[in-house]
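Have a look at start_21.pdb; it's PDB, C-alpha atoms:
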```
ATOM      1  CA  MET A   1       0.000   0.000   0.000  1.00  0.00           C
ATOM      2  CA  LYS A   2       1.336   3.419  -0.899  1.00  0.00           C
ATOM      3  CA  GLN A   3       2.239   5.752   1.966  1.00  0.00           C
ATOM      4  CA  GLU A   4       0.004   8.580   0.636  1.00  0.00           C
ATOM      5  CA  SER A   5      -3.044   6.284   0.731  1.00  0.00           C
ATOM      6  CA  LEU A   6      -2.666   5.499   4.435  1.00  0.00           C
ATOM      7  CA  PRO A   7      -4.815   7.452   6.909  1.00  0.00           C
ATOM      8  CA  ASN A   8      -3.278   9.905   9.353  1.00  0.00           C
ATOM      9  CA  LEU A   9      -3.315   8.898  13.008  1.00  0.00           C
ATOM     10  CA  SER A  10      -3.394  11.776  15.485  1.00  0.00           C
ATOM     11  CA  GLN A  11      -5.202  13.446  18.349  1.00  0.00           C
ATOM     12  CA  GLU A  12      -5.039  16.894  16.728  1.00  0.00           C
ATOM     13  CA  LEU A  13      -7.562  17.660  13.969  1.00  0.00           C
ATOM     14  CA  GLU A  14      -8.185  20.764  11.904  1.00  0.00           C
ATOM     15  CA  VAL A  15     -11.827  20.894  10.818  1.00  0.00           C
ATOM     16  CA  LEU A  16     -14.225  23.148   8.988  1.00  0.00           C
ATOM     17  CA  LEU A  17     -17.521  22.815  10.814  1.00  0.00           C
ATOM     18  CA  CYS A  18     -21.077  24.014  10.574  1.00  0.00           C
ATOM     19  CA  TRP A  19     -22.430  24.785  14.050  1.00  0.00           C
ATOM     20  CA  MET A  20     -26.023  23.593  14.568  1.00  0.00           C
ATOM     21  CA  ASP A  21     -26.730  24.021  18.272  1.00  0.00           C
ATOM     22  CA  LYS A  22     -28.681  26.782  20.039  1.00  0.00           C
ATOM     23  CA  LYS A  23     -25.846  27.132  22.562  1.00  0.00           C
ATOM     24  CA  PRO A  24     -22.735  28.888  21.187  1.00  0.00           C
ATOM     25  CA  LEU A  25     -19.532  27.004  20.489  1.00  0.00           C
ATOM     26  CA  LEU A  26     -16.619  28.221  22.609  1.00  0.00           C
ATOM     27  CA  SER A  27     -12.988  27.127  22.797  1.00  0.00           C
ATOM     28  CA  GLY A  28     -12.605  24.614  25.606  1.00  0.00           C
ATOM     29  CA  ASN A  29     -16.033  23.022  25.122  1.00  0.00           C
ATOM     30  CA  LYS A  30     -16.051  19.209  25.287  1.00  0.00           C
ATOM     31  CA  TYR A  31     -18.002  16.912  22.969  1.00  0.00           C
ATOM     32  CA  LEU A  32     -17.983  13.472  21.459  1.00  0.00           C
ATOM     33  CA  LEU A  33     -16.527  13.256  17.960  1.00  0.00           C
ATOM     34  CA  GLN A  34     -17.930  10.509  15.754  1.00  0.00           C
ATOM     35  CA  LEU A  35     -16.036   9.462  12.636  1.00  0.00           C
ATOM     36  CA  ASN A  36     -17.652   6.499  10.902  1.00  0.00           C
ATOM     37  CA  SER A  37     -18.318   3.954  13.676  1.00  0.00           C
ATOM     38  CA  THR A  38     -15.700   5.372  16.064  1.00  0.00           C
ATOM     39  CA  THR A  39     -16.721   7.800  18.806  1.00  0.00           C
ATOM     40  CA  VAL A  40     -14.129   9.512  21.021  1.00  0.00           C
ATOM     41  CA  LYS A  41     -14.138  12.287  23.585  1.00  0.00           C
ATOM     42  CA  ALA A  42     -12.943  15.572  22.114  1.00  0.00           C
ATOM     43  CA  MET A  43     -12.368  19.200  23.001  1.00  0.00           C
ATOM     44  CA  VAL A  44     -12.486  22.240  20.733  1.00  0.00           C
ATOM     45  CA  THR A  45      -9.151  23.882  21.463  1.00  0.00           C
ATOM     46  CA  GLN A  46      -9.304  26.885  19.133  1.00  0.00           C
ATOM     47  CA  LEU A  47     -11.672  28.748  16.849  1.00  0.00           C
ATOM     48  CA  GLN A  48      -9.344  29.997  14.093  1.00  0.00           C
ATOM     49  CA  TYR A  49     -11.785  31.891  11.885  1.00  0.00           C
ATOM     50  CA  CYS A  50     -15.426  32.179  10.902  1.00  0.00           C
ATOM     51  CA  ILE A  51     -16.525  32.380   7.278  1.00  0.00           C
ATOM     52  CA  ASN A  52     -18.986  35.205   6.602  1.00  0.00           C
ATOM     53  CA  VAL A  53     -21.644  33.434   4.525  1.00  0.00           C
ATOM     54  CA  GLU A  54     -22.651  36.652   2.757  1.00  0.00           C
ATOM     55  CA  THR A  55     -19.157  37.754   1.651  1.00  0.00           C
ATOM     56  CA  LEU A  56     -17.235  34.446   2.020  1.00  0.00           C
ATOM     57  CA  GLN A  57     -14.513  36.432   3.809  1.00  0.00           C
ATOM     58  CA  LYS A  58     -12.626  34.913   6.749  1.00  0.00           C
ATOM     59  CA  GLU A  59     -13.208  36.725  10.031  1.00  0.00           C
ATOM     60  CA  PRO A  60     -10.234  35.861  12.264  1.00  0.00           C
ATOM     61  CA  GLU A  61     -10.454  34.572  15.812  1.00  0.00           C
ATOM     62  CA  PRO A  62     -14.176  34.674  16.548  1.00  0.00           C
ATOM     63  CA  GLY A  63     -14.941  34.518  20.238  1.00  0.00           C
ATOM     64  CA  GLN A  64     -17.703  32.007  19.618  1.00  0.00           C
ATOM     65  CA  ALA A  65     -19.714  30.307  16.899  1.00  0.00           C
ATOM     66  CA  LEU A  66     -23.483  30.682  16.737  1.00  0.00           C
ATOM     67  CA  ARG A  67     -26.058  28.499  15.000  1.00  0.00           C
ATOM     68  CA  ASN A  68     -25.358  28.131  11.242  1.00  0.00           C
ATOM     69  CA  ASP A  69     -21.864  29.648  11.519  1.00  0.00           C
ATOM     70  CA  ILE A  70     -19.121  27.984   9.466  1.00  0.00           C
ATOM     71  CA  VAL A  71     -15.910  27.894  11.467  1.00  0.00           C
ATOM     72  CA  LYS A  72     -12.363  26.605  11.082  1.00  0.00           C
ATOM     73  CA  ALA A  73     -11.519  24.956  14.397  1.00  0.00           C
ATOM     74  CA  SER A  74      -8.853  22.855  16.084  1.00  0.00           C
ATOM     75  CA  ILE A  75     -10.014  19.763  17.943  1.00  0.00           C
ATOM     76  CA  LYS A  76      -8.067  17.486  20.280  1.00  0.00           C
ATOM     77  CA  THR A  77      -9.322  13.946  20.802  1.00  0.00           C
ATOM     78  CA  ALA A  78      -8.778  11.803  23.893  1.00  0.00           C
ATOM     79  CA  THR A  79      -7.250   9.014  21.801  1.00  0.00           C
ATOM     80  CA  PRO A  80      -5.533   8.998  18.403  1.00  0.00           C
ATOM     81  CA  LEU A  81      -7.997   8.737  15.541  1.00  0.00           C
ATOM     82  CA  PRO A  82      -7.293   7.463  12.016  1.00  0.00           C
ATOM     83  CA  HIS A  83      -8.550  10.026   9.503  1.00  0.00           C
ATOM     84  CA  VAL A  84      -8.170  11.290   5.958  1.00  0.00           C
ATOM     85  CA  ALA A  85      -8.771  14.812   4.674  1.00  0.00           C
ATOM     86  CA  TYR A  86     -12.346  15.290   3.458  1.00  0.00           C
ATOM     87  CA  GLN A  87     -11.078  16.476   0.062  1.00  0.00           C
ATOM     88  CA  LYS A  88      -9.193  13.193  -0.447  1.00  0.00           C
ATOM     89  CA  LEU A  89     -11.801  10.728   0.814  1.00  0.00           C
ATOM     90  CA  ARG A  90     -15.179  12.059   1.849  1.00  0.00           C
ATOM     91  CA  GLU A  91     -16.205   8.835   3.624  1.00  0.00           C
ATOM     92  CA  ASN A  92     -13.287   9.050   6.080  1.00  0.00           C
ATOM     93  CA  GLY A  93     -12.982  12.828   6.259  1.00  0.00           C
ATOM     94  CA  GLY A  94     -16.441  13.731   7.535  1.00  0.00           C
ATOM     95  CA  ALA A  95     -17.384  13.647  11.207  1.00  0.00           C
ATOM     96  CA  ILE A  96     -19.964  14.992  13.642  1.00  0.00           C
ATOM     97  CA  LEU A  97     -19.724  16.566  17.085  1.00  0.00           C
ATOM     98  CA  ILE A  98     -22.212  15.274  19.644  1.00  0.00           C
ATOM     99  CA  ASP A  99     -23.264  16.933  22.910  1.00  0.00           C
ATOM    100  CA  GLU A 100     -22.150  14.592  25.727  1.00  0.00           C
ATOM    101  CA  THR A 101     -25.262  15.208  27.818  1.00  0.00           C
ATOM    102  CA  SER A 102     -28.158  15.398  25.366  1.00  0.00           C
ATOM    103  CA  ARG A 103     -26.547  13.209  22.659  1.00  0.00           C
ATOM    104  CA  ALA A 104     -27.716  15.749  20.082  1.00  0.00           C
ATOM    105  CA  THR A 105     -25.613  16.370  16.979  1.00  0.00           C
ATOM    106  CA  VAL A 106     -24.252  19.899  17.344  1.00  0.00           C
ATOM    107  CA  ALA A 107     -21.902  20.184  14.335  1.00  0.00           C
ATOM    108  CA  ALA A 108     -21.041  18.620  11.020  1.00  0.00           C
ATOM    109  CA  CYS A 109     -17.278  18.571  10.375  1.00  0.00           C
ATOM    110  CA  MET A 110     -14.992  18.245   7.379  1.00  0.00           C
ATOM    111  CA  ILE A 111     -11.489  17.209   8.399  1.00  0.00           C
ATOM    112  CA  GLY A 112      -8.712  19.206   6.744  1.00  0.00           C
TER     113      GLY A 112
END
```
Rewrite the coordinates I just gave you, this time as structure tokens.
Amino acid sequence: MKQESLPNLSQELEVLLCWMDKKPLLSGNKYLLQLNSTTVKAMVTQLQYCINVETLQKEPEPGQALRNDIVKASIKTATPLPHVAYQKLRENGGAILIDETSRATVAACMIG
């Protein structure tokens, strides 16, 4: 198997996510991250930028993400997770964030 076809294995993920919850997303919030059939504990460590959906401009370092915001974020998982960039393999590059308490899906993620 070629090296470039192997998945990455890490606890640090860069994602582009669409926030779907009523409660805002803040750095430091903890969730479950589900990628295919694997679910791991995760924490959003940084909100890098928000994409203005009207202008498509990047707005750096938003303090929070509100419902329907599209945000570039850094996520750290409790255990290493095999993953592939969404652009390379959609089936292994898409994930969801789940609220630990309510079990509601709060974000759809594309791994970078």
Checklist entry - Contacts of range 89-97 of chain A at 10 Å or less, counting all atoms listed in the file, minus same-chain residues fewer than 5 places along, as an MDAnalysis selection string? => result chainID A and resid 5 7 15:20 30:36 38:44 82:84 103:112
Next on the checklist: Applying the PyMOL selection byres ((chain A and resi 24) around 12) to the file I just gave you, which residues come out? Please list them as a ChimeraX atom specification.
Outcome noted: /A:18-23,25-29,47,62-69,71,106-107
Item to check | Distance of CA of Ser102 in chain A from CA of Ala78 in chain A, expressed in Å to one decimal place | outcome: 19.8 Å
Checklist entry - Counting all atoms listed in the file, which of A:Ile70, A:Leu13, A:Ile98, A:Ile75 gets nearest to Cys50 in chain A? => result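 Looking only at the distances to Cys50 in chain A, the closest residue turns out to be A:Ile70.
Proximity of A:Ser74, A:Ser37, A:Thr101, A:Gln48 to Glu12 in chain A, computed with all atoms listed in the file, is greatest for A:Ser74.
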Next on the checklist: Could you tell me how far CA of Lys72 in chain A sits from CA of Thr55 in chain A, in Å to one decimal place?
Outcome noted: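 A separation of 16.1 Å between them.
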Checklist entry - In Å to one decimal, how far is CA of Leu81 in chain A from CA of Ser10 in chain A? => result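 Computed distance, CA of Ser10 in chain A to CA of Leu81 in chain A, equals 5.5 Å.
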